[in-house]
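Enquirer: Encoded as structure tokens, here's the structure I'll be asking about.
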Amino acid sequence: MSADSAPINLTNHFLIAMPGLSDELFGRSVVFMCEHSERGALGLVINKPSDILLPRLFEKVDLQLGRDDLATQPVFQGGPVQTERGFVLHDAINAGEGETVYASTLSIPGGLEMTTSRDVLEAMSSGAGPRRVFVTLGYASWGQGQLESEITENSWLTVEADPSVIFDAPVEQRYERAMALLGLQPWMLSPDAGHA
């Protein structure tokens with residue numbers, strides 16, 4: 001197998017939409033890749049907030065949010081798949097070797113985890129749970145070879161993820177901050193750049 005045909009693995013990377021991508025959901029989006037293999041890919045859009053705040057989401061599942069630090073945090077539109085289902089991206093919780101604290105958690109190389117089971121919300125309702133959390137409804141997915149094809153067509157830039165962009169950067173700055181990880185600014189890639 002030549003180096004050119006080695007599969008790429010974009011787990012723990014950001015996909016950054018090229019400025020020319022005009023899709024309503026994916027235009028100017030940054031997607032954190034939770035999983036990428038030869039079977040396909042799964043990610044969460046990190047810069048498209050919904051109009052629902054976390055306390056409202058908790059009410060919908062008959063829980064009370066027990067964390068004042070999260071009271072004004074929006075729930076994000078993670079992607080077009082399973083938009084009625086919650087996904088919680090968070091710092092890794094120290095469990096025993098090879099174990100996770102919650103019933104349904106995907107450990108992501110690089111130190112983050114994505115949990116889809118209710119127990120993480122129950123922990124947050126009691127004032128506990130992971131320190132840094134990012135909650136979405138829905139996720140983005142690509143079938144076998146689809147993401148690689150979109151990258152070849154210059155729909156996406158890729159860069160290793162920086163958790164501070166997810167958890168610390170203001171939502172409206174996440175696109176620019178992700179681009180800056182590549183040493184780029186969006187205007188540099190604009191299809192209109194240089195045309196007076």
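In the structure tokens, chains take letters A, B, ... by order of appearance, with residues numbered from 1 within each chain and ligands from 1 in the order shown.
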Counting only C-alpha atoms, what is within 7 Å of Ala17 of chain A, bar same-chain residues fewer than 5 positions away, as number ranges by chain?
Expert: A: 26-30, 155-157
Enquirer: With a distance cut-off of 7 Å and only C-alpha atoms, select the neighbouring residues of segment 129-144 of chain A, excluding the residue or stretch itself and same-chain residues fewer than 5 positions from it, and output the selection as a PyMOL selection string.
Expert: chain A and resi 38-44+75-91+93+120+123-124+167
Enquirer: If you run DSSP over the backbone, which residues in segment 37-129 of chain A end up helix (DSSP H, G or I)? Put them as a ChimeraX atom specification.
Expert: /A:54-60,68-70,118-125
Enquirer: Could you pull the residues within 12 Å of Thr11 of chain A, counting only C-alpha atoms, minus those fewer than 5 positions along the same chain, as a PyMOL selection string?
Expert: chain A and resi 31-38+40-44+106-113+158-161
Enquirer: Looking at A:Leu65, A:Ala71, A:Leu15, A:Ala92, which one is nearest to Arg174 of chain A, with distances taken over only C-alpha atoms?
Expert: A:Leu15
Enquirer: Can you work out which one of A:Leu182, A:Gln173, A:Glu59, A:Ser164 has the shortest atom-to-atom distance to Leu121 of chain A, counting only C-alpha atoms?
Expert: A:Glu59
Enquirer: Nearest to Ser50 of chain A: which of A:Ala180, A:Asp68, A:Pro74, A:Pro19 is it, counting only C-alpha atoms?
Expert: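 Between A:Ala180, A:Asp68, A:Pro74, A:Pro19, the residue approaching Ser50 of chain A most closely is A:Pro74.
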Enquirer: I need the residues in segment 24-127 of chain A that are strand (DSSP E) according to DSSP; give them as a PyMOL selection string.
Expert: chain A and resi 30-37+40-45+49-53+74-77+81-91+105-108+112-115
Enquirer: Go ahead and save the picked residues with C-alpha atoms, as a PDB file, in the first residue's frame.
Expert:
```pdb
ATOM      1  CA  VAL A  30     -16.848  23.883  12.282  1.00  0.00           C
ATOM      2  CA  VAL A  31     -17.409  20.176  12.930  1.00  0.00           C
ATOM      3  CA  PHE A  32     -15.609  18.321  15.710  1.00  0.00           C
ATOM      4  CA  MET A  33     -14.939  14.785  14.480  1.00  0.00           C
ATOM      5  CA  CYS A  34     -15.804  12.215  17.147  1.00  0.00           C
ATOM      6  CA  GLU A  35     -15.153   9.173  15.002  1.00  0.00           C
ATOM      7  CA  HIS A  36     -13.698   8.479  11.572  1.00  0.00           C
ATOM      8  CA  SER A  37     -12.946   5.083  10.090  1.00  0.00           C
ATOM      9  CA  GLY A  40     -17.645   6.482   7.716  1.00  0.00           C
ATOM     10  CA  ALA A  41     -17.520   9.456  10.049  1.00  0.00           C
ATOM     11  CA  LEU A  42     -19.471  11.099  12.845  1.00  0.00           C
ATOM     12  CA  GLY A  43     -19.077  14.663  14.091  1.00  0.00           C
ATOM     13  CA  LEU A  44     -20.771  17.502  15.958  1.00  0.00           C
ATOM     14  CA  VAL A  45     -21.174  21.021  14.555  1.00  0.00           C
ATOM     15  CA  PRO A  49     -26.485  27.303  18.514  1.00  0.00           C
ATOM     16  CA  SER A  50     -30.192  26.534  18.621  1.00  0.00           C
ATOM     17  CA  ASP A  51     -32.671  28.811  20.366  1.00  0.00           C
ATOM     18  CA  ILE A  52     -32.927  26.339  23.272  1.00  0.00           C
ATOM     19  CA  LEU A  53     -30.876  26.878  26.433  1.00  0.00           C
ATOM     20  CA  PRO A  74     -27.283  27.050  24.399  1.00  0.00           C
ATOM     21  CA  VAL A  75     -27.959  23.620  23.032  1.00  0.00           C
ATOM     22  CA  PHE A  76     -26.294  23.363  19.626  1.00  0.00           C
ATOM     23  CA  GLN A  77     -27.509  21.992  16.304  1.00  0.00           C
ATOM     24  CA  VAL A  81     -29.137  13.217  11.913  1.00  0.00           C
ATOM     25  CA  GLN A  82     -31.246  12.240  14.980  1.00  0.00           C
ATOM     26  CA  THR A  83     -32.074  15.865  15.813  1.00  0.00           C
ATOM     27  CA  GLU A  84     -34.340  14.807  18.673  1.00  0.00           C
ATOM     28  CA  ARG A  85     -31.463  13.028  20.451  1.00  0.00           C
ATOM     29  CA  GLY A  86     -28.914  14.656  22.759  1.00  0.00           C
ATOM     30  CA  PHE A  87     -25.151  14.314  22.475  1.00  0.00           C
ATOM     31  CA  VAL A  88     -22.883  15.554  25.263  1.00  0.00           C
ATOM     32  CA  LEU A  89     -19.245  16.253  24.407  1.00  0.00           C
ATOM     33  CA  HIS A  90     -17.158  16.587  27.556  1.00  0.00           C
ATOM     34  CA  ASP A  91     -13.765  16.216  29.186  1.00  0.00           C
ATOM     35  CA  THR A 105     -19.810   6.923  26.043  1.00  0.00           C
ATOM     36  CA  LEU A 106     -17.419   7.081  23.122  1.00  0.00           C
ATOM     37  CA  SER A 107     -13.848   7.842  24.175  1.00  0.00           C
ATOM     38  CA  ILE A 108     -12.191  10.096  21.612  1.00  0.00           C
ATOM     39  CA  LEU A 112     -12.655  14.135  25.106  1.00  0.00           C
ATOM     40  CA  GLU A 113     -15.661  11.838  25.364  1.00  0.00           C
ATOM     41  CA  MET A 114     -19.113  11.899  23.798  1.00  0.00           C
ATOM     42  CA  THR A 115     -21.967  10.534  25.889  1.00  0.00           C
TER      43      THR A 115
END
```
